[in-house]
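The structure appears right after this line, and notes come after that.
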Amino acid sequence: MIAILTALADPTRRELLRCLAASPRRASALAEGFAISRPAICKHTRLLKKAGLIRAKKNGRERIYELAPKGGQAINELIVELEEVGRFWDLALDAFKRHVEQKGEKE
């Protein structure tokens, strides 16, 4: 999960995932939509591959990037976990607020 969080923390990587969610793309076509160098795009795609979110297929001299079959599932699982953490903090902060309000009423 740490690898997925790290991968999703960067806005460029999130945008790469959005592009690949629409359709698989050649490395050169993927890099065209960004104002960063192709080596920088390669660095981002390497991290996304390491996290299991995308995969690359060789087609001659080109690499075709696409979402990994389990990439969408991994993101969905992460969203569920983050929602659970969010509910925990909502409950904890509500309890803290009630405590502070009750303490204020006693004074």
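We label chains A, B, ... in the order they appear in the structure tokens, count residues from 1 in each chain, and number ligands from 1 in the order shown.
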Just the strand (DSSP E or B) stuff from stretch 4-99 of chain A, please, per backbone DSSP, written as a CSV table (one decimal) with N, CA and C atoms, in the first residue's frame.
chain,number,residue,atom,x,y,z
A,25,ARG,N,-1.2,3.9,-24.3
A,25,ARG,CA,-0.5,4.9,-25.1
A,25,ARG,C,1.0,4.5,-25.3
A,26,ARG,N,1.5,4.8,-26.4
A,26,ARG,CA,2.9,4.7,-26.6
A,26,ARG,C,3.6,5.7,-25.7
A,54,ILE,N,0.5,0.3,-13.4
A,54,ILE,CA,0.5,0.2,-14.9
A,54,ILE,C,1.5,-0.9,-15.3
A,55,ARG,N,1.5,-1.2,-16.6
A,55,ARG,CA,2.4,-2.1,-17.1
A,55,ARG,C,2.8,-1.6,-18.5
A,56,ALA,N,3.9,-2.1,-19.0
A,56,ALA,CA,4.4,-1.7,-20.3
A,56,ALA,C,4.6,-3.0,-21.1
A,57,LYS,N,4.2,-2.9,-22.4
A,57,LYS,CA,4.4,-4.0,-23.3
A,57,LYS,C,5.3,-3.4,-24.4
A,58,LYS,N,6.2,-4.3,-24.9
A,58,LYS,CA,7.1,-3.9,-26.0
A,58,LYS,C,6.4,-4.2,-27.3
A,59,ASN,N,6.5,-3.2,-28.2
A,59,ASN,CA,6.0,-3.4,-29.5
A,59,ASN,C,7.1,-2.9,-30.5
A,62,GLU,N,9.1,0.4,-29.5
A,62,GLU,CA,8.2,1.2,-28.6
A,62,GLU,C,7.7,0.5,-27.4
A,63,ARG,N,7.4,1.2,-26.4
A,63,ARG,CA,6.7,0.7,-25.2
A,63,ARG,C,5.3,1.2,-25.2
A,64,ILE,N,4.4,0.3,-25.0
A,64,ILE,CA,3.0,0.7,-24.9
A,64,ILE,C,2.6,0.6,-23.4
A,65,TYR,N,2.2,1.7,-22.8
A,65,TYR,CA,1.8,1.7,-21.4
A,65,TYR,C,0.3,1.6,-21.3
A,66,GLU,N,-0.1,0.8,-20.3
A,66,GLU,CA,-1.6,0.7,-20.0
A,66,GLU,C,-1.7,0.4,-18.5
A,67,LEU,N,-3.0,0.6,-18.1
A,67,LEU,CA,-3.2,0.3,-16.7
A,67,LEU,C,-3.0,-1.2,-16.4
For this session: With a distance cut-off of 10 Å and only C-alpha atoms, select the neighbouring residues of stretch 33-35 of chain A, excluding the residue or stretch itself and same-chain residues fewer than 2 positions from it, and output the selection as a ChimeraX atom specification.
Result: /A:12,15-16,19,28-31,37-38,40-41
For this session: Using DSSP on the backbone, list every residue of chain A that comes out as helix (DSSP H, G or I), and give them as a PyMOL selection string.
Result: chain A and resi 2-8+11-22+27-32+38-50+71-106
Store the residues of this selection in a file with C-alpha atoms, as a compact mmCIF listing (two decimals), in the first residue's frame.
# COMPACT_ATOMS: atom_id res chain seq x y z
CA ILE A 2 2.91 2.38 0.69
CA ALA A 3 4.07 2.05 -2.93
CA ILE A 4 0.58 2.94 -4.17
CA LEU A 5 0.31 5.95 -1.83
CA THR A 6 3.74 7.13 -2.95
CA ALA A 7 2.75 6.73 -6.58
CA LEU A 8 -0.53 8.59 -6.14
CA PRO A 11 0.03 15.07 -9.44
CA THR A 12 1.99 14.15 -12.58
CA ARG A 13 1.62 10.44 -11.84
CA ARG A 14 -2.09 10.88 -11.16
CA GLU A 15 -2.44 12.62 -14.51
CA LEU A 16 -0.52 9.81 -16.23
CA LEU A 17 -2.99 7.34 -14.72
CA ARG A 18 -5.92 9.43 -16.00
CA CYS A 19 -4.42 9.38 -19.50
CA LEU A 20 -3.90 5.63 -19.40
CA ALA A 21 -7.39 5.04 -18.00
CA ALA A 22 -8.72 6.50 -21.27
CA ALA A 27 5.64 6.18 -24.43
CA SER A 28 6.19 9.02 -26.90
CA ALA A 29 2.47 9.85 -27.05
CA LEU A 30 2.20 9.71 -23.29
CA ALA A 31 5.05 12.20 -22.88
CA GLU A 32 3.53 14.68 -25.38
CA ARG A 38 10.81 12.23 -21.48
CA PRO A 39 13.36 10.98 -18.93
CA ALA A 40 11.17 12.51 -16.20
CA ILE A 41 8.13 10.71 -17.65
CA CYS A 42 10.16 7.47 -17.60
CA LYS A 43 10.94 8.02 -13.94
CA HIS A 44 7.23 8.47 -13.17
CA THR A 45 6.18 5.44 -15.20
CA ARG A 46 8.84 3.31 -13.47
CA LEU A 47 7.37 4.24 -10.10
CA LEU A 48 3.82 3.51 -11.30
CA LYS A 49 4.98 0.11 -12.61
CA LYS A 50 6.72 -0.67 -9.32
CA GLY A 71 -4.10 -1.46 -10.87
CA GLY A 72 -7.73 -0.35 -10.74
CA GLN A 73 -8.46 -2.89 -8.04
CA ALA A 74 -5.49 -1.64 -5.98
CA ILE A 75 -6.72 1.94 -6.25
CA ASN A 76 -10.25 0.92 -5.24
CA GLU A 77 -8.91 -0.97 -2.22
CA LEU A 78 -6.89 2.07 -1.23
CA ILE A 79 -9.95 4.29 -1.52
CA VAL A 80 -11.90 1.94 0.77
CA GLU A 81 -9.08 2.01 3.33
CA LEU A 82 -8.83 5.80 3.17
CA GLU A 83 -12.60 6.09 3.66
CA GLU A 84 -12.32 3.89 6.77
CA VAL A 85 -9.52 6.11 8.11
CA GLY A 86 -11.66 9.15 7.33
CA ARG A 87 -14.60 7.71 9.28
CA PHE A 88 -12.29 6.97 12.24
CA TRP A 89 -11.06 10.57 12.29
CA ASP A 90 -14.58 11.94 11.89
CA LEU A 91 -15.69 9.97 14.97
CA ALA A 92 -12.57 10.89 16.95
CA LEU A 93 -12.89 14.59 16.17
CA ASP A 94 -16.62 14.60 16.94
CA ALA A 95 -15.89 13.01 20.32
CA PHE A 96 -13.17 15.57 20.98
CA LYS A 97 -15.53 18.42 20.03
CA ARG A 98 -18.22 17.11 22.41
CA HIS A 99 -15.63 16.80 25.18
CA VAL A 100 -14.44 20.38 24.71
CA GLU A 101 -18.01 21.70 24.52
CA GLN A 102 -19.01 19.82 27.69
CA LYS A 103 -15.93 21.06 29.50
CA GLY A 104 -16.74 24.62 28.40
CA GLU A 105 -20.28 24.32 29.75
CA LYS A 106 -18.99 23.25 33.19
